[in-house]
Structures are given as structure tokens and as C-alpha cells.
file data04.pdb (PDB, C-alpha atoms, pLDDT in the B column)
ATOM      1  CA  MET A 436     -25.116 -12.492 -17.230  1.00 48.00           C
ATOM      2  CA  ALA A 437     -21.844 -10.739 -18.172  1.00 52.00           C
ATOM      3  CA  LYS A 438     -18.852 -11.017 -15.892  1.00 51.00           C
ATOM      4  CA  ARG A 439     -17.721  -7.810 -14.287  1.00 51.00           C
ATOM      5  CA  LYS A 440     -14.059  -6.899 -14.485  1.00 54.00           C
ATOM      6  CA  GLY A 441     -12.245  -8.009 -11.349  1.00 52.00           C
ATOM      7  CA  MET A 442     -14.896 -10.614 -10.589  1.00 50.00           C
ATOM      8  CA  GLU A 443     -13.126 -13.560 -12.244  1.00 51.00           C
ATOM      9  CA  LYS A 444     -13.567 -16.954 -10.685  1.00 51.00           C
ATOM     10  CA  LYS A 445     -10.574 -17.682  -8.518  1.00 49.00           C
ATOM     11  CA  THR A 446      -8.860 -21.040  -8.222  1.00 49.00           C
ATOM     12  CA  ASP A 447      -8.404 -22.795  -4.886  1.00 50.00           C
ATOM     13  CA  ASP A 448      -5.027 -21.113  -4.357  1.00 55.00           C
ATOM     14  CA  GLY A 449      -6.674 -17.662  -4.502  1.00 59.00           C
ATOM     15  CA  LYS A 450      -5.372 -16.821  -7.960  1.00 62.00           C
ATOM     16  CA  THR A 451      -7.292 -16.045 -11.136  1.00 68.00           C
ATOM     17  CA  GLY A 452      -5.302 -18.521 -13.204  1.00 72.00           C
ATOM     18  CA  ARG A 453      -3.518 -15.720 -15.040  1.00 74.00           C
ATOM     19  CA  PRO A 454       0.068 -14.623 -14.445  1.00 71.00           C
ATOM     20  CA  PRO A 455       0.435 -11.717 -11.989  1.00 67.00           C
ATOM     21  CA  VAL A 456       0.396  -8.257 -13.522  1.00 65.00           C
ATOM     22  CA  GLU A 457       3.299  -5.999 -12.610  1.00 69.00           C
ATOM     23  CA  ARG A 458       1.917  -2.495 -12.092  1.00 75.00           C
ATOM     24  CA  ALA A 459       3.961   0.608 -11.535  1.00 82.00           C
ATOM     25  CA  ILE A 460       3.209   2.432  -8.304  1.00 85.00           C
ATOM     26  CA  SER A 461       3.604   6.185  -8.501  1.00 91.00           C
ATOM     27  CA  ASP A 462       5.558   8.207  -5.981  1.00 92.00           C
ATOM     28  CA  GLU A 463       2.321  10.097  -5.294  1.00 95.00           C
ATOM     29  CA  ALA A 464       0.538   6.865  -4.354  1.00 94.00           C
ATOM     30  CA  LEU A 465       3.393   5.914  -2.011  1.00 94.00           C
ATOM     31  CA  PHE A 466       3.257   9.387  -0.468  1.00 95.00           C
ATOM     32  CA  LYS A 467      -0.504   9.154   0.140  1.00 96.00           C
ATOM     33  CA  VAL A 468      -0.268   5.711   1.735  1.00 96.00           C
ATOM     34  CA  ALA A 469       2.630   6.713   3.994  1.00 96.00           C
ATOM     35  CA  LYS A 470       0.863   9.931   4.998  1.00 95.00           C
ATOM     36  CA  GLU A 471      -2.345   8.087   5.890  1.00 96.00           C
ATOM     37  CA  ILE A 472      -0.427   5.570   8.009  1.00 96.00           C
ATOM     38  CA  VAL A 473       1.452   8.276   9.916  1.00 96.00           C
ATOM     39  CA  VAL A 474      -1.677  10.402  10.411  1.00 95.00           C
ATOM     40  CA  LYS A 475      -3.584   7.378  11.719  1.00 96.00           C
ATOM     41  CA  PHE A 476      -0.776   6.552  14.161  1.00 96.00           C
ATOM     42  CA  ILE A 477      -0.802  10.158  15.373  1.00 95.00           C
ATOM     43  CA  GLU A 478      -4.593   9.997  15.834  1.00 96.00           C
ATOM     44  CA  VAL A 479      -4.373   6.868  17.982  1.00 97.00           C
ATOM     45  CA  GLY A 480      -1.424   8.179  19.987  1.00 96.00           C
ATOM     46  CA  ARG A 481       1.299   5.838  18.704  1.00 95.00           C
ATOM     47  CA  LEU A 482       3.283   8.756  17.203  1.00 94.00           C
ATOM     48  CA  THR A 483       3.525  12.450  17.995  1.00 94.00           C
ATOM     49  CA  PRO A 484       3.268  15.383  15.574  1.00 94.00           C
ATOM     50  CA  ALA A 485       6.684  16.548  16.804  1.00 94.00           C
ATOM     51  CA  SER A 486       8.313  13.453  15.291  1.00 93.00           C
ATOM     52  CA  PHE A 487       6.339  13.569  12.013  1.00 91.00           C
ATOM     53  CA  GLU A 488       9.373  14.199   9.782  1.00 93.00           C
ATOM     54  CA  GLU A 489      11.426  11.249  11.011  1.00 94.00           C
ATOM     55  CA  ASP A 490       8.429   8.940  11.293  1.00 95.00           C
ATOM     56  CA  PHE A 491       7.129   9.824   7.838  1.00 96.00           C
ATOM     57  CA  GLU A 492      10.527   9.086   6.277  1.00 96.00           C
ATOM     58  CA  ARG A 493      10.688   5.651   7.948  1.00 97.00           C
ATOM     59  CA  VAL A 494       7.113   4.751   7.004  1.00 97.00           C
ATOM     60  CA  TYR A 495       7.574   5.962   3.405  1.00 96.00           C
ATOM     61  CA  ARG A 496      10.739   3.877   2.976  1.00 96.00           C
ATOM     62  CA  ALA A 497       9.060   0.810   4.511  1.00 96.00           C
ATOM     63  CA  VAL A 498       6.063   1.123   2.173  1.00 95.00           C
ATOM     64  CA  GLU A 499       8.385   1.686  -0.798  1.00 94.00           C
ATOM     65  CA  ARG A 500      10.459  -1.418   0.063  1.00 93.00           C
ATOM     66  CA  THR A 501       7.296  -3.481   0.420  1.00 92.00           C
ATOM     67  CA  VAL A 502       5.682  -2.311  -2.806  1.00 90.00           C
ATOM     68  CA  ARG A 503       8.709  -1.996  -5.045  1.00 86.00           C
ATOM     69  CA  GLY A 504      10.923  -4.620  -3.455  1.00 85.00           C
ATOM     70  CA  LYS A 505      13.819  -2.196  -2.981  1.00 68.00           C
TER      71      LYS A 505
END
call {"tool": "encode", "arguments": {"input": "data04.pdb", "output": "C-alpha cells"}}
result
Amino acid sequence: MAKRKGMEKKTDDGKTGRPPVERAISDEALFKVAKEIVVKFIEVGRLTPASFEEDFERVYRAVERTVRGK
């Protein structure tokens, strides 16, 4: 049976045995992730729509720092 891509056998440390692949993350992807986080927090009452602008900026920068290491 052929192996499916992404279904490689992992070693005990959780890695595939290959070096990590550095992938570029687009600004659009960062935007979508930040937007979903802020919208979810608004839905559950942790944030208010009135503070969307400030909250979105903080979440976007936090996601960007995490993903890009800036």
C-alpha cells in the first residue's frame, strides 16, 4: 500500500526524521488567523466589538511574532 503524503512514520520524538521545512506565511494567512481569534473571543464575550480595532492589532502582532519569530 502506498504511503500518503503527510503520513510518514514519526520517530519517538514526534519528528519525521527530516529537517524542519521553513515555510513562508502570507500576510493574508496571518490576517485570517487573527480575525478568527478576535471573532471567537467576541462570540464568547471575552472582547467587545467596540474594541475590535485595538484588540485585532494586538492579536495580529502576537500571531505574527509567534509564526515569524519577530
call {"tool": "closest_atom_pairs", "arguments": {"input": "data04.pdb", "of": "stretch 451-477 of chain A", "to": "stretch 494-503 of chain A", "cutoff": "8 Å", "atoms": "only C-alpha atoms", "output": "Markdown table"}}
result
| residue | atom | partner | partner_atom | distance |
| --- | --- | --- | --- | --- |
| A:Ile460 | CA | A:Val502 | CA | 7.7 |
| A:Leu465 | CA | A:Glu499 | CA | 6.7 |
| A:Phe466 | CA | A:Tyr495 | CA | 6.7 |
| A:Val468 | CA | A:Val498 | CA | 7.8 |
| A:Ala469 | CA | A:Tyr495 | CA | 5.0 |
| A:Lys470 | CA | A:Tyr495 | CA | 8.0 |
| A:Ile472 | CA | A:Val494 | CA | 7.7 |
| A:Val473 | CA | A:Val494 | CA | 7.3 |
call {"tool": "atom_distance", "arguments": {"input": "data04.pdb", "atom1": "atom CA of A:Pro484", "atom2": "atom CA of A:Glu471"}}
result
13.4 Å
call {"tool": "atom_distance", "arguments": {"input": "data04.pdb", "atom1": "atom CA of A:Asp490", "atom2": "atom CA of A:Ile477"}}
result
10.2 Å
call {"tool": "atom_distance", "arguments": {"input": "data04.pdb", "atom1": "atom CA of A:Val474", "atom2": "atom CA of A:Glu488"}}
result
11.7 Å
call {"tool": "build_atoms", "arguments": {"input": "data04.pdb", "residues": "stretch 491-502 of chain A", "atoms": "N, CA and C atoms", "output": "mmCIF file, in the coordinates of the input"}}
result
data_model
loop_
_atom_site.group_PDB
_atom_site.id
_atom_site.type_symbol
_atom_site.label_atom_id
_atom_site.label_comp_id
_atom_site.auth_asym_id
_atom_site.auth_seq_id
_atom_site.Cartn_x
_atom_site.Cartn_y
_atom_site.Cartn_z
ATOM 1 N N PHE A 491 7.614 9.899 9.212
ATOM 2 C CA PHE A 491 7.129 9.824 7.838
ATOM 3 C C PHE A 491 8.188 9.198 6.937
ATOM 4 N N GLU A 492 9.431 9.625 7.096
ATOM 5 C CA GLU A 492 10.527 9.086 6.277
ATOM 6 C C GLU A 492 10.640 7.574 6.451
ATOM 7 N N ARG A 493 10.586 7.099 7.689
ATOM 8 C CA ARG A 493 10.688 5.651 7.948
ATOM 9 C C ARG A 493 9.508 4.889 7.358
ATOM 10 N N VAL A 494 8.296 5.425 7.534
ATOM 11 C CA VAL A 494 7.113 4.751 7.004
ATOM 12 C C VAL A 494 7.148 4.746 5.475
ATOM 13 N N TYR A 495 7.505 5.876 4.868
ATOM 14 C CA TYR A 495 7.574 5.962 3.405
ATOM 15 C C TYR A 495 8.548 4.926 2.855
ATOM 16 N N ARG A 496 9.732 4.838 3.444
ATOM 17 C CA ARG A 496 10.739 3.877 2.976
ATOM 18 C C ARG A 496 10.264 2.436 3.167
ATOM 19 N N ALA A 497 9.571 2.167 4.267
ATOM 20 C CA ALA A 497 9.060 0.810 4.511
ATOM 21 C C ALA A 497 7.995 0.444 3.477
ATOM 22 N N VAL A 498 7.093 1.376 3.181
ATOM 23 C CA VAL A 498 6.063 1.123 2.173
ATOM 24 C C VAL A 498 6.724 0.942 0.803
ATOM 25 N N GLU A 499 7.696 1.778 0.493
ATOM 26 C CA GLU A 499 8.385 1.686 -0.798
ATOM 27 C C GLU A 499 9.093 0.332 -0.940
ATOM 28 N N ARG A 500 9.786 -0.113 0.115
ATOM 29 C CA ARG A 500 10.459 -1.418 0.063
ATOM 30 C C ARG A 500 9.445 -2.535 -0.143
ATOM 31 N N THR A 501 8.319 -2.434 0.528
ATOM 32 C CA THR A 501 7.296 -3.481 0.420
ATOM 33 C C THR A 501 6.700 -3.521 -0.971
ATOM 34 N N VAL A 502 6.359 -2.370 -1.519
ATOM 35 C CA VAL A 502 5.682 -2.311 -2.806
ATOM 36 C C VAL A 502 6.635 -2.549 -3.966
#
